[in-house]
Each structure stands twice: as structure tokens, then as C-alpha cells.
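Asker: Questions regarding the structure given below will be posed in turn.
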Amino acid sequence: MGLTAAVRLAEYGEGVVFPHERTLPKAKEDRLALMRATRAQLSPVFGMHFGAAAPLDHVLAGACTHEPAADLTDGDGVRHTLWVLDDPGLVRTVQKALEPARVIIADGHHRYETALAFRNERRAKTQGSWPENAAWNYVMMVLVDMDSEGLTVFPTHRLLQGVEGLTAERLLERWRPVFDLEPVDAGAAAGPEAVARTLEGALAAAGDEPAFAVYTADGRAFLVRLSDHRTWAEAAADRPAPWRALDVSVLHGLALPLLGLDDEDQSSGEFLSYTRSAEEAVAAVQTGARQAAVLVRPTPGAAVRDVALAGESLPQKSTYYWPKLLTGLVMSDLDSPVGL
């Protein structure tokens, strides 16, 4: 259950809204051009709130007993039901409860930073004569309680492509000095679904230490666990403890650099691609379309919070919150004032 609202924009350093992933300049340029042309926010940011003065899920559920304003099922089979909260007393209750809360962006970092850029443009053009309730001072956001039982996080798996000279044996050779490579019998002739299910089972039983799984081009599978903790401590010495403890951090901060992929390579889009489907990842390797698949576990929501509050960002595509919010279900007109 999420509350769609206009949230006053705040710079990341103000201690109100926190990012947890890095962004790419090109995506923000495209979104800013769209916002300038439409003078509207067409898709909400997904924010997880914590520290509210009172829980809101039961309040919102009690307010959503009448006929919804919209009720639809999207192409993924997810049902979206929308109610409008127009009772002034209820709105004040919600505002008061959320006043001390802070927000971590779960999805929509590019949208949030674009809204900030548009706001700053408007402020510069109006030279301080803008009203506080100007819509471009706010961002459309769906707020979900971080402790909500309905909040689901899936993993996003990595696929290696176009890495020069990267054979299966070379990959394993580079990782053996710092990782424990435990063979997983996924079946030499097994199809993508069976291999994916086996690897996901191995990951689920991997314990608390940083771990991920790899499926190589020669059909071998391994559970990969960090073994050289000293090397990792030295490589991540300037990072906070919550960040160092995560699977994706070890993958991007140590395993991929050992294959010759630095931060710039990893964010270029040339050597890494992503999928939420473990079966799809395995199939891409089996068909020869990719050099290797790296399967990861979901990043825990509490870890996302801890990393964000420590002032650190996770690698790109570290989280996949489900279900996805729909673009266009609710839109914000940037030329209309926000009701306070």
C-alpha cells in the first residue's frame, strides 16, 4: 500500500531524502527534456519512508473502503487499485504522521534528480519571486512504509558480455585467490530453468557471508564465497561497514575489477547487462549470447536503509522493488500550485 503525494524536494545532503544507487547522466538528460516539454511529472518516484510519528498502513486501509477511482490490471498481471483521499481531516492526519519521517528512494533516482534540476532551473528564472506552493518545488512520490509486509525486493542478475579474452577458465583463475569456488551440480545437459532453480537453491543456503553464483560458458556452475577478507578490507577501506557486507558490493568492488572491469567499464553498458530472471540469465549463456551469468540474492531493505544513511550508494541495479509503479496513472501538472 502506497500513498501518492507531492513531496517537497530536498537536496540529498539535507538529511530528508536519501539515494541508494548511482545514476547515469544520459537518462537524466532525457527526462529533463521530457519534463521541460510536458511541464509535468508523468511517473512517480518510489520512496520508502521510516521514522513516521505513527504507522499509516491501517489508516490508509481504513480510508480505502469506498469505490476506487481506478482499478486495473497491467501487462504483468499486477492489479492496481487507486483511491483519492480528499477528506481534510484524514489528509492532516497523514501529513502530521509523516512530518518527522525520512525517505529512501527505492526506485526513481533519475526522476528525483531530474525534478531537482527542473526546480533549480525555475528558481533561477524567477529570481526568488516564486511561491512556496509552486508545483515544481515538489516531486510526485509514492510513499511506502519500509516495514510494510507488502514490500517485495527481487534480485537483479548480471550478465557479462564483450570482455576481451574472458573464457570460463580465465574467470575462475582470476577469482580463485580471493574467493572460495564451490562447484554446484546443475546438470551438464540441464535446461535454463533447472540450472537456475539449482543455483537459486544454492544461494538461498549460502549463509550470511557475502556470496553470489556464477554460470560459465562451458556449462559449469559455482557458488562463490569471499575467502580473502583482508584483500576485501583493503579494497573497501573507505566504505562503511553496511556497504562492505553486501553481496553486490563484493561483486562490483572486487570480483568484477579482478576481471579488468573498473567503475567506468561497469557503468558503460558495454560489458554488463541485467535481468530479473535467473532462467533468462542462464539461457543467455547457454546460447552463447553472453560470456557468463552472475546470479545474486536480493539486497535486504534494511541494508538499503543502512547504506543510504551512511552516505554511500549501492552499485547500479542492486535492488528491484516489485511491483513496479505505473507511468501515467497519476500525473503532476507543474504549472498548477500544490495545495498546502
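In the C-alpha cells, chains take the letters A, B, ... in the order shown, each chain's residues start at 1, and ligands count up from 1 in the order shown.
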Can you tell me, as a list in words, what residues are no more than 10 Å from A:Phe212 when counting only C-alpha atoms, ignoring any on the same chain fewer than 2 positions away?

Answerer: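 Using only C-alpha atoms, the neighbours found are His157, Leu199, Glu200, Ala202, Leu203, Ala204, Ala206, Glu209, Pro210, Val214, Phe222, Leu223, Val224, Arg225, Leu226, Asp247, Val248, Val250, Leu251, Val294, Leu295, Val296 and Arg297 of chain A.
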
Asker: Pick out the residues sitting within 9 Å of A:Val285, and hand them over as a PyMOL selection string; count only C-alpha atoms, and ignore anything fewer than 4 positions along from it in its own chain.

Answerer: chain A and resi 159+215-219+280-281+289-293

Asker: Among stretch 173-306 of chain A, which residues does DSSP mark as helix (DSSP H, G or I) when it is run on the backbone? Keep the chain and numbering as in the structure and answer as a ChimeraX atom specification.

Answerer: /A:173-175,192-204,229-235,241-244,247-258,263-267,278-286,301-306

Asker: Using only C-alpha atoms, which of the listed residues (A:Asp335, A:Asp145, A:Glu164, A:Asp228) sits closest to A:Leu259?

Answerer: A:Glu164

Asker: Could you jot down the atom CA of A:Leu309 to atom CA of A:Phe18 separation for me, Å, one decimal place?

Answerer: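 So the answer is 7.1 Å.
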
Asker: Residues of stretch 88-169 of chain A that approach stretch 50-68 of chain A to 8 Å or less, counting only C-alpha atoms: could you list each one with the shortest pair of atoms and its distance in Å to one decimal, rows by chain and increasing residue number, as a tab-separated table?

Answerer:
```
residue	atom	partner	partner_atom	distance
A:Val94	CA	A:Leu56	CA	7.3
A:Lys96	CA	A:Ala53	CA	7.5
A:Ala97	CA	A:Ala53	CA	4.7
A:Leu98	CA	A:Ala52	CA	5.0
A:Glu99	CA	A:Ala52	CA	7.1
A:Pro100	CA	A:Ala52	CA	5.8
A:Ala101	CA	A:Ala52	CA	4.4
A:Arg102	CA	A:Phe50	CA	5.6
A:Val103	CA	A:Phe50	CA	6.5
A:Asp145	CA	A:Phe50	CA	6.3
A:Met146	CA	A:Phe50	CA	5.9
A:Asp147	CA	A:Phe50	CA	7.9
A:Ser148	CA	A:Asp57	CA	7.6
```

Asker: Produce a file of the selected residues containing C-alpha atoms, as a compact mmCIF listing (two decimals), in the first residue's frame.

Answerer:
```txt
# COMPACT_ATOMS: atom_id res chain seq x y z
CA VAL A 94 -1.29 11.72 7.26
CA LYS A 96 1.32 15.07 10.71
CA ALA A 97 2.38 11.41 10.87
CA LEU A 98 4.88 11.85 8.03
CA GLU A 99 6.30 15.19 9.18
CA PRO A 100 9.31 13.66 11.03
CA ALA A 101 9.78 10.83 8.53
CA ARG A 102 12.71 10.42 6.22
CA VAL A 103 12.66 8.84 2.78
CA ASP A 145 6.38 2.21 4.83
CA MET A 146 9.77 0.48 4.89
CA ASP A 147 8.33 -2.08 7.33
CA SER A 148 5.27 -2.80 5.20
```

Asker: Extract, using only C-alpha atoms, all DNA, RNA and protein residues at most 7 Å from A:Asp71, discarding same-chain residues fewer than 6 positions from it, and format them as a PDB file with C-alpha atoms, in the first residue's frame.

Answerer:
```
ATOM      1  CA  HIS A  80      -3.514  -1.620  -9.299  1.00  0.00           C
ATOM      2  CA  THR A  81      -6.332  -0.038  -7.273  1.00  0.00           C
ATOM      3  CA  LEU A  82      -6.396   3.715  -6.698  1.00  0.00           C
TER       4      LEU A  82
END
```

Asker: Need the shell around stretch 336-338 of chain A: protein/DNA/RNA residues with any atom at most 8 Å away, counting only C-alpha atoms. Skip same-chain ones fewer than 4 positions apart. Format as an MDAnalysis selection string?

Answerer: chainID A and resid 6 133:135

Asker: Between atom CA of A:Arg8 and atom CA of A:Thr126, what is the distance, to one decimal in Å?

Answerer: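 Rounded to one decimal, the two atoms are 18.2 Å apart.
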
Asker: Of the candidates A:Ala117, A:Val304, A:Gln161, A:Val184, which one gets nearest to A:Arg197 if we count only C-alpha atoms?

Answerer: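 Between A:Ala117, A:Val304, A:Gln161, A:Val184, the residue approaching A:Arg197 most closely is A:Val184.
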
Asker: Figure out the distance between atom CA of A:Tyr138 and atom CA of A:Val78, please, to one decimal in Å.

Answerer: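 So the answer is 28.1 Å.
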
Asker: Near A:Leu258, counting only C-alpha atoms, which residues have an atom at most 8 Å away, once you skip same-chain residues fewer than 4 positions from it, shown as a PyMOL selection string?

Answerer: chain A and resi 174-175+254
